[in-house]
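Everything below belongs to target22.tsv, which stores TSV, C-alpha atoms.
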```
chain	number	residue	atom	x	y	z
Q	41	MET	CA	10.06	-61.62	59.47
Q	42	ILE	CA	12.86	-59.15	59.92
Q	43	ASN	CA	15.16	-59.94	62.78
Q	44	TYR	CA	15.89	-56.55	64.35
Q	45	PRO	CA	19.18	-56.40	66.16
Q	46	PHE	CA	17.79	-54.36	69.06
Q	47	ASN	CA	14.51	-54.50	70.87
Q	48	ILE	CA	12.69	-51.63	69.30
Q	49	THR	CA	8.97	-51.16	68.93
Q	50	ASN	CA	7.27	-50.87	65.54
Q	51	ASP	CA	6.57	-47.27	66.41
Q	52	GLU	CA	10.23	-46.53	66.91
Q	53	LYS	CA	11.02	-48.43	63.75
Q	54	ASN	CA	8.57	-46.39	61.72
Q	55	LYS	CA	9.80	-43.16	63.25
Q	56	SER	CA	13.33	-44.07	62.29
Q	57	ILE	CA	12.31	-44.89	58.73
Q	58	ILE	CA	10.23	-41.75	58.37
Q	59	SER	CA	12.93	-39.47	59.71
Q	60	TYR	CA	15.54	-41.05	57.49
Q	61	LYS	CA	13.29	-40.63	54.45
Q	62	ASN	CA	12.59	-37.04	55.32
Q	63	ARG	CA	16.23	-36.32	55.83
Q	64	GLY	CA	16.97	-37.90	52.46
Q	65	LEU	CA	19.90	-39.82	53.87
Q	66	SER	CA	22.25	-41.40	51.39
Q	67	LEU	CA	23.68	-44.84	52.03
Q	68	GLU	CA	27.09	-43.22	52.46
Q	69	LYS	CA	25.76	-40.92	55.18
Q	70	MET	CA	24.09	-43.83	56.98
Q	71	ILE	CA	27.25	-45.92	56.89
Q	72	ASN	CA	29.48	-43.04	57.97
Q	73	ASP	CA	27.17	-42.28	60.91
Q	74	SER	CA	27.08	-45.95	61.90
Q	75	ASN	CA	30.88	-46.22	61.72
Q	76	LYS	CA	31.19	-43.12	63.90
Q	77	PHE	CA	28.89	-44.80	66.43
Q	78	TYR	CA	30.94	-48.02	66.32
Q	79	ARG	CA	34.12	-46.02	66.95
Q	80	PHE	CA	32.45	-44.15	69.79
Q	81	ILE	CA	31.50	-47.38	71.60
Q	82	ASP	CA	34.90	-48.95	70.76
Q	83	LYS	CA	33.27	-51.74	68.75
Q	84	ALA	CA	35.14	-51.29	65.48
Q	85	LEU	CA	37.41	-48.84	63.66
Q	86	ILE	CA	36.02	-48.53	60.15
Q	87	TYR	CA	36.52	-45.51	57.91
Q	88	LYS	CA	35.59	-44.45	54.42
Q	89	LYS	CA	38.66	-44.01	52.24
Q	90	PRO	CA	39.07	-40.61	50.61
Q	91	THR	CA	38.18	-40.39	46.92
Q	92	PRO	CA	41.38	-40.74	44.90
Q	93	ILE	CA	42.21	-37.45	43.19
Q	94	HIS	CA	45.15	-36.72	40.91
Q	95	VAL	CA	46.36	-33.20	41.68
Q	96	VAL	CA	47.78	-31.34	38.66
Q	97	LYS	CA	48.21	-27.77	39.90
Q	98	THR	CA	48.22	-25.90	43.20
Q	99	ASN	CA	48.63	-22.16	43.76
Q	100	LYS	CA	50.83	-20.29	46.27
Q	101	GLU	CA	48.30	-20.82	49.06
Q	102	ASN	CA	48.38	-24.58	48.41
Q	103	THR	CA	44.82	-24.51	47.07
Q	104	ILE	CA	44.30	-27.07	44.33
Q	105	THR	CA	43.40	-25.33	41.05
Q	106	GLU	CA	43.45	-28.33	38.72
Q	107	ALA	CA	42.80	-31.96	39.56
Q	108	PHE	CA	41.02	-35.05	38.29
Q	109	PHE	CA	38.99	-37.80	39.92
Q	110	GLU	CA	40.75	-41.15	39.64
Q	111	ARG	CA	39.35	-44.68	39.61
Q	112	PRO	CA	39.62	-46.31	43.01
Q	113	SER	CA	41.69	-49.52	42.98
Q	114	THR	CA	39.98	-50.94	46.05
Q	115	THR	CA	36.70	-50.46	47.93
Q	116	ASP	CA	35.36	-47.47	49.85
Q	117	TYR	CA	35.38	-48.81	53.40
Q	118	ASN	CA	37.85	-50.77	55.47
Q	119	GLY	CA	39.03	-51.22	59.01
Q	120	ILE	CA	39.23	-53.53	61.99
Q	121	TYR	CA	36.50	-55.49	63.79
Q	122	LYS	CA	37.27	-58.12	66.46
Q	123	GLY	CA	40.92	-57.99	65.40
Q	124	LYS	CA	39.97	-59.01	61.87
Q	125	TYR	CA	40.28	-57.08	58.66
Q	126	ILE	CA	36.94	-55.86	57.30
Q	127	ASP	CA	36.43	-54.43	53.82
Q	128	PHE	CA	33.34	-53.51	51.83
Q	129	GLU	CA	31.80	-51.45	49.08
Q	130	ALA	CA	28.44	-49.66	49.33
Q	131	LYS	CA	26.22	-48.93	46.33
Q	132	GLU	CA	22.77	-47.51	45.63
Q	133	THR	CA	20.49	-48.54	42.79
Q	134	LYS	CA	17.14	-47.21	41.59
Q	135	SER	CA	16.25	-50.58	40.04
Q	136	LYS	CA	13.43	-52.59	41.63
Q	137	THR	CA	14.56	-55.93	40.22
Q	138	SER	CA	18.34	-56.23	40.17
Q	139	PHE	CA	21.71	-54.65	40.89
Q	140	SER	CA	23.50	-54.01	37.61
Q	141	LEU	CA	27.18	-54.87	37.74
Q	142	LYS	CA	27.79	-51.72	35.69
Q	143	ASN	CA	27.38	-49.93	39.04
Q	144	ILE	CA	30.57	-51.43	40.41
Q	145	GLN	CA	34.03	-51.76	38.93
Q	146	LYS	CA	35.28	-55.24	38.16
Q	147	ASN	CA	38.48	-54.62	40.12
Q	148	GLN	CA	36.37	-53.75	43.16
Q	149	ILE	CA	34.56	-57.10	42.99
Q	150	GLU	CA	37.88	-58.86	42.52
Q	151	HIS	CA	39.27	-56.98	45.54
Q	152	ILE	CA	36.32	-58.10	47.72
Q	153	LEU	CA	36.86	-61.73	46.64
Q	154	ARG	CA	40.60	-61.50	47.27
Q	155	VAL	CA	40.12	-60.16	50.80
Q	156	HIS	CA	37.78	-63.10	51.47
Q	157	GLU	CA	40.37	-65.60	50.19
Q	158	MET	CA	42.95	-64.02	52.51
Q	159	GLY	CA	40.73	-64.60	55.54
Q	160	GLY	CA	39.23	-61.13	55.83
Q	161	ILE	CA	35.56	-60.20	56.15
Q	162	SER	CA	34.32	-58.64	52.92
Q	163	PHE	CA	30.96	-57.84	51.43
Q	164	LEU	CA	28.76	-55.49	49.44
Q	165	ILE	CA	26.05	-53.28	50.92
Q	166	VAL	CA	23.39	-52.49	48.30
Q	167	TYR	CA	20.59	-49.99	48.82
Q	168	PHE	CA	17.56	-50.44	46.52
Q	169	THR	CA	16.31	-46.87	46.88
Q	170	SER	CA	12.97	-47.48	45.10
Q	171	LEU	CA	12.22	-50.42	47.39
Q	172	ASN	CA	13.62	-48.75	50.51
Q	173	LYS	CA	15.60	-51.92	51.22
Q	174	ILE	CA	19.25	-52.34	52.13
Q	175	PHE	CA	21.06	-55.67	51.83
Q	176	ILE	CA	24.41	-57.01	52.96
Q	177	TYR	CA	25.83	-59.58	50.55
Q	178	PHE	CA	28.98	-61.49	51.48
Q	179	ALA	CA	31.98	-62.40	49.32
Q	180	LYS	CA	31.25	-66.15	49.50
Q	181	ASP	CA	28.09	-65.54	47.41
Q	182	LEU	CA	29.53	-62.74	45.30
Q	183	LYS	CA	31.97	-65.31	43.91
Q	184	ASN	CA	29.22	-66.45	41.50
Q	185	PHE	CA	29.29	-62.96	39.98
Q	186	SER	CA	33.05	-62.64	39.46
Q	187	LYS	CA	34.37	-61.80	36.00
Q	188	GLU	CA	34.70	-65.47	34.97
Q	189	ASN	CA	30.94	-65.89	35.29
Q	190	LYS	CA	30.07	-63.10	32.86
Q	191	ARG	CA	26.90	-62.04	34.62
Q	192	ASN	CA	25.52	-58.54	34.05
Q	193	SER	CA	23.57	-58.13	37.24
Q	194	ILE	CA	22.68	-59.62	40.61
Q	195	PRO	CA	18.89	-60.23	40.80
Q	196	LEU	CA	16.93	-58.93	43.79
Q	197	GLU	CA	15.98	-62.54	44.67
Q	198	GLU	CA	19.64	-63.34	45.13
Q	199	PHE	CA	19.92	-60.61	47.79
Q	200	ILE	CA	16.70	-61.84	49.42
Q	201	ASN	CA	17.76	-65.51	49.39
Q	202	ASN	CA	21.48	-65.34	50.12
Q	203	GLY	CA	21.97	-61.84	51.48
Q	204	LYS	CA	20.46	-60.29	54.60
Q	205	GLU	CA	18.25	-57.24	54.75
Q	206	ILE	CA	19.68	-54.66	57.12
Q	207	PRO	CA	16.82	-52.97	58.97
Q	208	LEU	CA	17.16	-49.35	60.07
Q	209	THR	CA	17.62	-48.90	63.78
Q	210	ILE	CA	18.18	-45.98	66.13
Q	211	SER	CA	21.82	-46.32	67.17
Q	212	PRO	CA	23.45	-46.97	64.87
Q	213	ILE	CA	21.07	-46.38	61.98
Q	214	LEU	CA	22.58	-49.27	59.98
Q	215	ASN	CA	23.75	-51.96	62.39
Q	216	TYR	CA	25.47	-54.09	59.74
Q	217	LEU	CA	28.01	-55.62	62.17
Q	218	VAL	CA	25.18	-57.78	63.59
Q	219	PHE	CA	25.20	-59.64	60.28
Q	220	VAL	CA	28.98	-59.85	60.27
Q	221	ASP	CA	28.68	-61.55	63.68
Q	222	GLU	CA	26.21	-64.05	62.19
Q	223	ALA	CA	28.57	-64.75	59.31
Q	224	LEU	CA	31.50	-65.26	61.69
Q	225	ARG	CA	29.61	-67.90	63.69
C	263	MET	CA	74.69	-57.23	62.87
C	264	ILE	CA	71.76	-56.72	60.57
C	265	ASN	CA	69.59	-59.76	60.07
C	266	TYR	CA	68.74	-59.69	56.37
C	267	PRO	CA	65.50	-61.44	55.53
C	268	PHE	CA	66.87	-63.01	52.37
C	269	ASN	CA	70.22	-64.51	51.56
C	270	ILE	CA	71.83	-61.71	49.63
C	271	THR	CA	75.50	-60.97	49.26
C	272	ASN	CA	77.08	-57.72	50.45
C	273	ASP	CA	77.62	-56.88	46.83
C	274	GLU	CA	73.93	-57.19	46.04
C	275	LYS	CA	73.14	-55.24	49.19
C	276	ASN	CA	75.41	-52.40	48.17
C	277	LYS	CA	74.07	-52.41	44.63
C	278	SER	CA	70.56	-52.15	45.97
C	279	ILE	CA	71.50	-49.28	48.26
C	280	ILE	CA	73.38	-47.45	45.53
C	281	SER	CA	70.61	-47.77	43.00
C	282	TYR	CA	68.02	-46.66	45.51
C	283	LYS	CA	70.13	-43.62	46.40
C	284	ASN	CA	70.68	-42.75	42.77
C	285	ARG	CA	67.01	-43.09	41.98
C	286	GLY	CA	66.26	-40.83	44.95
C	287	LEU	CA	63.50	-43.08	46.15
C	288	SER	CA	61.18	-41.70	48.75
C	289	LEU	CA	59.96	-43.85	51.60
C	290	GLU	CA	56.49	-43.71	50.06
C	291	LYS	CA	57.78	-45.06	46.75
C	292	MET	CA	59.66	-47.86	48.51
C	293	ILE	CA	56.60	-48.88	50.53
C	294	ASN	CA	54.27	-48.68	47.53
C	295	ASP	CA	56.63	-50.85	45.48
C	296	SER	CA	56.93	-53.36	48.33
C	297	ASN	CA	53.16	-53.51	48.76
C	298	LYS	CA	52.76	-54.11	45.04
C	299	PHE	CA	55.21	-56.99	45.36
C	300	TYR	CA	53.32	-58.43	48.36
C	301	ARG	CA	50.08	-58.27	46.38
C	302	PHE	CA	51.73	-59.90	43.40
C	303	ILE	CA	52.90	-62.90	45.46
C	304	ASP	CA	49.55	-63.01	47.34
C	305	LYS	CA	51.25	-62.35	50.66
C	306	ALA	CA	49.26	-59.32	51.77
C	307	LEU	CA	46.82	-56.73	50.45
C	308	ILE	CA	48.08	-53.38	51.69
C	309	TYR	CA	47.36	-50.07	49.99
C	310	LYS	CA	48.14	-46.41	50.56
C	311	LYS	CA	44.99	-44.44	51.22
C	312	PRO	CA	44.36	-41.50	48.90
C	313	THR	CA	45.13	-38.03	50.31
C	314	PRO	CA	41.88	-36.55	51.62
C	315	ILE	CA	40.83	-33.60	49.46
C	316	HIS	CA	37.79	-31.40	49.91
C	317	VAL	CA	36.42	-30.57	46.45
C	318	VAL	CA	34.82	-27.11	46.17
C	319	LYS	CA	34.24	-26.67	42.43
C	320	THR	CA	34.24	-28.81	39.32
C	321	ASN	CA	33.65	-27.68	35.73
C	322	LYS	CA	31.43	-29.23	33.02
C	323	GLU	CA	34.08	-31.83	32.16
C	324	ASN	CA	34.17	-32.91	35.82
C	325	THR	CA	37.67	-31.48	36.22
C	326	ILE	CA	38.25	-30.14	39.72
C	327	THR	CA	38.95	-26.40	39.59
C	328	GLU	CA	38.99	-25.63	43.30
C	329	ALA	CA	39.84	-27.96	46.17
C	330	PHE	CA	41.74	-28.10	49.45
C	331	PHE	CA	43.95	-30.66	51.12
C	332	GLU	CA	42.36	-31.98	54.31
C	333	ARG	CA	43.93	-33.44	57.44
C	334	PRO	CA	43.85	-37.23	57.41
C	335	SER	CA	41.95	-38.72	60.36
C	336	THR	CA	43.82	-42.01	60.21
C	337	THR	CA	47.12	-43.32	58.85
C	338	ASP	CA	48.38	-43.64	55.28
C	339	TYR	CA	48.53	-47.41	54.90
C	340	ASN	CA	46.24	-50.27	55.82
C	341	GLY	CA	45.20	-53.70	54.70
C	342	ILE	CA	45.18	-57.39	55.46
C	343	TYR	CA	48.05	-59.73	56.33
C	344	LYS	CA	47.50	-63.31	57.52
C	345	GLY	CA	43.82	-62.49	57.99
C	346	LYS	CA	44.72	-59.72	60.43
C	347	TYR	CA	44.21	-56.01	60.14
C	348	ILE	CA	47.44	-54.10	59.55
C	349	ASP	CA	47.77	-50.33	59.79
C	350	PHE	CA	50.75	-47.99	59.75
C	351	GLU	CA	52.10	-44.54	59.09
C	352	ALA	CA	55.37	-43.80	57.27
C	353	LYS	CA	57.47	-40.69	57.87
C	354	GLU	CA	60.80	-39.26	56.80
C	355	THR	CA	63.05	-37.06	58.91
C	356	LYS	CA	66.31	-35.23	58.15
C	357	SER	CA	67.31	-35.27	61.82
C	358	LYS	CA	70.26	-37.45	62.85
C	359	THR	CA	69.27	-37.72	66.49
C	360	SER	CA	65.50	-38.00	66.89
C	361	PHE	CA	62.08	-38.12	65.26
C	362	SER	CA	60.16	-34.99	66.20
C	363	LEU	CA	56.53	-35.66	67.02
C	364	LYS	CA	55.70	-32.47	65.12
C	365	ASN	CA	56.13	-34.65	62.02
C	366	ILE	CA	53.07	-36.70	62.86
C	367	GLN	CA	49.57	-35.69	63.93
C	368	LYS	CA	48.47	-36.60	67.43
C	369	ASN	CA	45.32	-38.25	66.11
C	370	GLN	CA	47.47	-40.49	63.91
C	371	ILE	CA	49.45	-41.71	66.93
C	372	GLU	CA	46.20	-42.25	68.83
C	373	HIS	CA	44.82	-44.18	65.85
C	374	ILE	CA	47.87	-46.48	65.79
C	375	LEU	CA	47.48	-47.13	69.53
C	376	ARG	CA	43.75	-47.79	69.16
C	377	VAL	CA	44.29	-50.34	66.39
C	378	HIS	CA	46.78	-52.12	68.65
C	379	GLU	CA	44.27	-52.20	71.53
C	380	MET	CA	41.70	-53.72	69.17
C	381	GLY	CA	44.04	-56.58	68.28
C	382	GLY	CA	45.38	-55.23	65.00
C	383	ILE	CA	49.00	-54.92	63.91
C	384	SER	CA	50.06	-51.29	63.90
C	385	PHE	CA	53.33	-49.42	63.74
C	386	LEU	CA	55.35	-46.50	62.44
C	387	ILE	CA	57.99	-46.70	59.73
C	388	VAL	CA	60.53	-43.88	60.10
C	389	TYR	CA	63.21	-43.10	57.55
C	390	PHE	CA	66.18	-41.10	58.87
C	391	THR	CA	67.27	-39.78	55.48
C	392	SER	CA	70.59	-38.28	56.70
C	393	LEU	CA	71.55	-41.59	58.31
C	394	ASN	CA	70.17	-43.72	55.48
C	395	LYS	CA	68.37	-45.86	58.06
C	396	ILE	CA	64.77	-47.03	58.14
C	397	PHE	CA	63.11	-48.33	61.30
C	398	ILE	CA	59.87	-50.10	62.11
C	399	TYR	CA	58.51	-49.14	65.52
C	400	PHE	CA	55.49	-50.98	66.93
C	401	ALA	CA	52.48	-49.59	68.79
C	402	LYS	CA	53.40	-51.39	72.04
C	403	ASP	CA	56.46	-49.08	72.33
C	404	LEU	CA	54.82	-46.03	70.80
C	405	LYS	CA	52.47	-46.05	73.80
C	406	ASN	CA	55.18	-44.23	75.80
C	407	PHE	CA	54.90	-41.35	73.36
C	408	SER	CA	51.11	-40.92	73.41
C	409	LYS	CA	49.66	-37.51	74.24
C	410	GLU	CA	49.48	-38.21	78.00
C	411	ASN	CA	53.27	-38.51	78.10
C	412	LYS	CA	53.92	-35.06	76.64
C	413	ARG	CA	57.08	-36.01	74.81
C	414	ASN	CA	58.28	-33.89	71.90
C	415	SER	CA	60.29	-36.47	70.05
C	416	ILE	CA	61.36	-40.11	69.87
C	417	PRO	CA	65.17	-40.35	70.22
C	418	LEU	CA	67.14	-42.34	67.66
C	419	GLU	CA	68.32	-44.67	70.49
C	420	GLU	CA	64.71	-45.63	71.10
C	421	PHE	CA	64.38	-46.83	67.50
C	422	ILE	CA	67.70	-48.67	67.77
C	423	ASN	CA	66.83	-50.31	71.10
C	424	ASN	CA	63.12	-51.08	70.75
C	425	GLY	CA	62.50	-50.78	67.01
C	426	LYS	CA	64.02	-52.82	64.21
C	427	GLU	CA	66.09	-51.49	61.35
C	428	ILE	CA	64.60	-52.55	58.01
C	429	PRO	CA	67.43	-53.32	55.59
C	430	LEU	CA	66.96	-52.71	51.88
C	431	THR	CA	66.57	-55.88	49.85
C	432	ILE	CA	65.94	-56.71	46.22
C	433	SER	CA	62.35	-57.98	46.17
C	434	PRO	CA	60.69	-56.28	47.83
C	435	ILE	CA	62.95	-53.30	48.49
C	436	LEU	CA	61.53	-52.88	52.02
C	437	ASN	CA	60.57	-56.27	53.40
C	438	TYR	CA	58.87	-54.93	56.53
C	439	LEU	CA	56.50	-57.90	56.90
C	440	VAL	CA	59.47	-59.99	58.12
C	441	PHE	CA	59.45	-57.84	61.26
C	442	VAL	CA	55.69	-58.12	61.56
C	443	ASP	CA	56.16	-61.91	61.58
C	444	GLU	CA	58.72	-61.55	64.38
C	445	ALA	CA	56.31	-59.39	66.37
C	446	LEU	CA	53.47	-61.91	65.86
C	447	ARG	CA	55.54	-64.76	67.28
```
Please render this file's structure as structure tokens.
Amino acid sequence: MINYPFNITNDEKNKSIISYKNRGLSLEKMINDSNKFYRFIDKALIYKKPTPIHVVKTNKENTITEAFFERPSTTDYNGIYKGKYIDFEAKETKSKTSFSLKNIQKNQIEHILRVHEMGGISFLIVYFTSLNKIFIYFAKDLKNFSKENKRNSIPLEEFINNGKEIPLTISPILNYLVFVDEALR
Amino acid sequence: MINYPFNITNDEKNKSIISYKNRGLSLEKMINDSNKFYRFIDKALIYKKPTPIHVVKTNKENTITEAFFERPSTTDYNGIYKGKYIDFEAKETKSKTSFSLKNIQKNQIEHILRVHEMGGISFLIVYFTSLNKIFIYFAKDLKNFSKENKRNSIPLEEFINNGKEIPLTISPILNYLVFVDEALR
């Protein structure tokens, strides 16, 4: 039983899933589109942070001619929802059984846990591409996978039992704030 | 009468100012150092967002060989303080009389105002380098300088009357959260 946030028919649901498959949407694209929708309806202001890049050289026209990708010190997304600070990381995995913690930097997990301790809303969104399932997994549960616990991966069952599956909807395509509302209750 | 957030002597104050002058610290460096201090003492998690860069080409070693600077859609700094969302932009000006609004993008001002409307804490920090003065100026006052008001600049008097001058201190060098506390009261 999936609890869809809006009243949509199975037909609409399938259409949405088919079109998203056909369009080959990445999780990043789905989240960016959803955040744009949230901003449009004045529900939340959440943005993806730019990728950190260390610029070495620029030419006369201010075009960058040499630069390197840097490791991010925090997560990809943050912003404001209901006056509160919201912060999360989004990851895809091809695995059908677990989310390997090699896919995420330790300092990113620590950042998510720290935001939670400070009273913010923080979580992971994980897309199991081979299963076509997307889960939201909050910091309170992620604590069991912090560096002290020396775990290598989060099993799929853990997402099923303690996370929430985010169904695809029409507007926005990934209505993850519904689950944030549930968590705030 | 400047209300220093910590009990420091005039001697210490002058030392701090001299060393900061000698080191030629930019506002960005001062804010980054202060944020690092706040994170260290678990007071707040505030980071500078990376500069948005559009990558065109990378080579085999994943070094970027062609890229362009993009316009930021939001502000430079955001994070969490006392569970709340905090968001601000920091700017320097050489002017001794006003802060020209050419120094800041209109969408950045609109973003600051929008965060305020959503219940977040948002402001500008402006450093008048020729006067050696740094001010914090909150969104509630910045409203008068939104695009509808067609103003070209914010006069220095406005910062003096409605903003707060941030004195330099030892740790952190720019203790701007003291003024956020005042505004929250």
- Note on the structure: As a check of understanding: the span from CA of Ser362 in chain C to CA of Ile416 in chain C is 6.4 Å
- Restrict the distance test to all atoms listed in the file, flag each residue of chain C within 7 Å of chain Q, and return the flagged residues as a list in words. Lys311, Pro312, Thr313, Pro314, Thr325, Ile326, Thr327, Glu328, Ala329, Phe330, Ile342, Lys344, Gly345, Lys346, Tyr347, Met380, Gly381 and Gly382 of chain C
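As for CA of Ser162 in chain Q and CA of Ala130 in chain Q, they are spaced 11.3 Å apart.
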List every residue of range 101-147 of chain Q that has an atom at most 10 Å from any atom of range 177-185 of chain Q, giving for each one its closest atom pair and the distance in Å to one decimal, counting only C-alpha atoms, sorted by chain and then by ascending residue number, as a Markdown table.
```
| residue | atom | partner | partner_atom | distance |
| --- | --- | --- | --- | --- |
| Q:Phe128 | CA | Q:Phe178 | CA | 9.1 |
| Q:Leu141 | CA | Q:Phe185 | CA | 8.7 |
| Q:Lys146 | CA | Q:Phe185 | CA | 9.9 |
```
- Message: Applying 10 Å and all atoms listed in the file, which residues near Ser170 in chain Q remain after dropping the ones on its own chain fewer than 4 positions away? List them as a list in words.
- Response: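 The residues satisfying every condition are Glu132, Thr133, Lys134, Ser135, Lys136 and Thr137 of chain Q.
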- Query: CA of Phe80 in chain Q to CA of Ile174 in chain Q: how many Å, to one decimal?
  - Reply: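 We find that CA of Phe80 in chain Q and CA of Ile174 in chain Q lie 23.5 Å from each other.
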- Phe441 in chain C proximity check over C:Ser360, C:Phe385, C:Met292, C:Glu419, using only C-alpha atoms: winner is C:Phe385
Would you kindly place N, CA and C atoms on range 362-376 of chain C and return the model as a PDB file, keeping the file's coordinate frame?
```pdb
ATOM      1  N   SER C 362      61.023 -35.957  65.525  1.00  0.00           N
ATOM      2  CA  SER C 362      60.160 -34.990  66.200  1.00  0.00           C
ATOM      3  C   SER C 362      58.701 -35.360  66.016  1.00  0.00           C
ATOM      4  N   LEU C 363      57.946 -35.305  67.101  1.00  0.00           N
ATOM      5  CA  LEU C 363      56.530 -35.660  67.020  1.00  0.00           C
ATOM      6  C   LEU C 363      55.695 -34.578  66.336  1.00  0.00           C
ATOM      7  N   LYS C 364      56.372 -33.471  65.957  1.00  0.00           N
ATOM      8  CA  LYS C 364      55.700 -32.470  65.120  1.00  0.00           C
ATOM      9  C   LYS C 364      55.464 -33.009  63.714  1.00  0.00           C
ATOM     10  N   ASN C 365      56.235 -34.048  63.361  1.00  0.00           N
ATOM     11  CA  ASN C 365      56.130 -34.650  62.020  1.00  0.00           C
ATOM     12  C   ASN C 365      54.886 -35.515  61.844  1.00  0.00           C
ATOM     13  N   ILE C 366      54.222 -35.798  62.940  1.00  0.00           N
ATOM     14  CA  ILE C 366      53.070 -36.700  62.860  1.00  0.00           C
ATOM     15  C   ILE C 366      51.932 -36.106  63.690  1.00  0.00           C
ATOM     16  N   GLN C 367      50.708 -36.244  63.187  1.00  0.00           N
ATOM     17  CA  GLN C 367      49.570 -35.690  63.930  1.00  0.00           C
ATOM     18  C   GLN C 367      49.251 -36.560  65.141  1.00  0.00           C
ATOM     19  N   LYS C 368      48.821 -35.880  66.203  1.00  0.00           N
ATOM     20  CA  LYS C 368      48.470 -36.600  67.430  1.00  0.00           C
ATOM     21  C   LYS C 368      47.389 -37.640  67.178  1.00  0.00           C
ATOM     22  N   ASN C 369      46.400 -37.283  66.355  1.00  0.00           N
ATOM     23  CA  ASN C 369      45.320 -38.250  66.110  1.00  0.00           C
ATOM     24  C   ASN C 369      45.810 -39.481  65.339  1.00  0.00           C
ATOM     25  N   GLN C 370      46.902 -39.322  64.604  1.00  0.00           N
ATOM     26  CA  GLN C 370      47.470 -40.490  63.910  1.00  0.00           C
ATOM     27  C   GLN C 370      48.137 -41.437  64.912  1.00  0.00           C
ATOM     28  N   ILE C 371      48.851 -40.866  65.886  1.00  0.00           N
ATOM     29  CA  ILE C 371      49.450 -41.710  66.930  1.00  0.00           C
ATOM     30  C   ILE C 371      48.341 -42.403  67.722  1.00  0.00           C
ATOM     31  N   GLU C 372      47.303 -41.656  68.067  1.00  0.00           N
ATOM     32  CA  GLU C 372      46.200 -42.250  68.830  1.00  0.00           C
ATOM     33  C   GLU C 372      45.523 -43.366  68.019  1.00  0.00           C
ATOM     34  N   HIS C 373      45.414 -43.154  66.712  1.00  0.00           N
ATOM     35  CA  HIS C 373      44.820 -44.180  65.850  1.00  0.00           C
ATOM     36  C   HIS C 373      45.653 -45.468  65.873  1.00  0.00           C
ATOM     37  N   ILE C 374      46.973 -45.310  65.758  1.00  0.00           N
ATOM     38  CA  ILE C 374      47.870 -46.480  65.790  1.00  0.00           C
ATOM     39  C   ILE C 374      47.714 -47.245  67.106  1.00  0.00           C
ATOM     40  N   LEU C 375      47.626 -46.495  68.218  1.00  0.00           N
ATOM     41  CA  LEU C 375      47.480 -47.130  69.530  1.00  0.00           C
ATOM     42  C   LEU C 375      46.129 -47.836  69.646  1.00  0.00           C
ATOM     43  N   ARG C 376      45.108 -47.225  69.086  1.00  0.00           N
ATOM     44  CA  ARG C 376      43.750 -47.790  69.160  1.00  0.00           C
ATOM     45  C   ARG C 376      43.644 -49.093  68.361  1.00  0.00           C
TER      46      ARG C 376
END
```
